[in-house]
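Everything on this sheet refers to the single structure shown next.
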Amino acid sequence: MYTIGYATKPIDIYLDQLKTYEIDVVADVRSVPFSKRFFDYHQDALMQHLKRAGIRYVYLGNELGPRSKDDAHYDRHGQVQFDRLMASENFQSGIERLFDGESKGYAIAMTCAEKDAAICHRSLLIGWHLQHKRGMELHHITHEGDIETQGQLEHRLLSLTDTGSDMLMTEKEALGLAYRKQCLSHAYRKTG
């Protein structure tokens, strides 16, 4: 299973990268399936581009998006809490839909705007869940079209957040702290 971001990426490059990895289905995991800056990625436009390329489109933003309509998924400061999202029936339903598609032989790429998966819920929410709760490693298609596995991304997270294991903290604890730091910096916050 793959992920791909689109920010600043021309649509033809995006489609070429999907074809390179033989993606059959794009699962749109944006809570808001529109782009203020990249019009080729508005939901309707993206669906048409994918259809012409012979790639199916499914919207899973309600299930796997980084925002929630449920106030219980937010802390007192209005920031979404990924652990609460992961525990929801809605999120679990979205994960099951991914596994169902994969069991039918589809190569699936989840898409969102962020070009770097390390600052996106593709890795911080979905990738973490798949890796640590389901034993499945995501493959992130980088902006340049290379692959970064969730495991490789986790090592990068340790560096990005300046978090490392030491005599008082195991590698697993350090990784948990790195995820928490990254989520605190990048998870959605309500405004107003």
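Letters A, B, ... go to the chains of the structure tokens in the order shown; residues in each chain start at 1; ligands are counted from 1 in the same order.
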
Problem set entry | Residues near A:Ala45, cut-off 12 Å, only C-alpha atoms, skip fewer than 5 positions along chain, as a ChimeraX atom specification | /A:11,33-35,38-40,50-52,57

For this session: Could you give me the residues within stretch 6-159 of chain A that DSSP places in alpha helix (DSSP H), as JSON, numbers by chain?
Result: {"A": [11, 12, 13, 14, 15, 16, 17, 18, 19, 20, 43, 44, 45, 46, 47, 48, 49, 50, 51, 52, 61, 62, 63, 64, 82, 83, 84, 85, 86, 89, 90, 91, 92, 93, 94, 95, 96, 97, 98, 99, 100, 101, 102, 103, 121, 128, 129, 130, 131, 132, 133, 150, 151, 152, 153, 154, 155, 156, 157, 158, 159]}

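Here atom CA of A:Tyr6 and atom CA of A:Arg134 stand 26.3 Å from one another.
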
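Compared by their closest atoms to A:Glu102, and using only C-alpha atoms, the residues A:Leu64, A:Met136, A:Met47, A:Leu85 rank with A:Met136 nearest.
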
Give me the stretch 93-170 of chain A side of the contact with stretch 186-189 of chain A, cut-off 10 Å, one line per residue showing its nearest atom pair and distance in Å at one decimal, counting only C-alpha atoms, sorted by chain and residue number, as JSON lines.
{"residue": "A:Ala118", "atom": "CA", "partner": "A:His186", "partner_atom": "CA", "distance": 9.5}
{"residue": "A:Ile119", "atom": "CA", "partner": "A:His186", "partner_atom": "CA", "distance": 6.1}
{"residue": "A:Cys120", "atom": "CA", "partner": "A:His186", "partner_atom": "CA", "distance": 7.2}
{"residue": "A:His121", "atom": "CA", "partner": "A:Ala187", "partner_atom": "CA", "distance": 7.4}
{"residue": "A:Leu124", "atom": "CA", "partner": "A:Ala187", "partner_atom": "CA", "distance": 8.7}
{"residue": "A:Leu125", "atom": "CA", "partner": "A:Ala187", "partner_atom": "CA", "distance": 9.4}

Exercise. Could you work out how far atom CA of A:Leu160 lies from atom CA of A:Met86, giving the answer in Å with one decimal?
Worked result: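 Computing the Euclidean distance for atom CA of A:Met86 and atom CA of A:Leu160 yields 23.7 Å.
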
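Residues in contact with A:Ala117 at 9 Å, where only C-alpha atoms are counted and same-chain residues fewer than 2 positions away are skipped, are listed as Thr3, Ile4, Gly5, Glu114, Lys115, Ile119, Cys120, His121, Arg122, Ser123, Leu124, His140, Ile141, Thr142 and Leu153 of chain A.
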
Problem set entry | Backbone-only DSSP, strand (DSSP E) members of chain A, as a list in words |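 Answer for chain A, restricted to strand (DSSP E): Tyr2, Thr3, Ile4, Gly5, Val25, Val26, Ala27, Asp28, Arg56, Tyr57, Val58, Tyr59, Ile108, Ala109, Met110, Thr111, Cys112, His139, His140, Ile141, Ile147, Glu148 and Thr149 of chain A.
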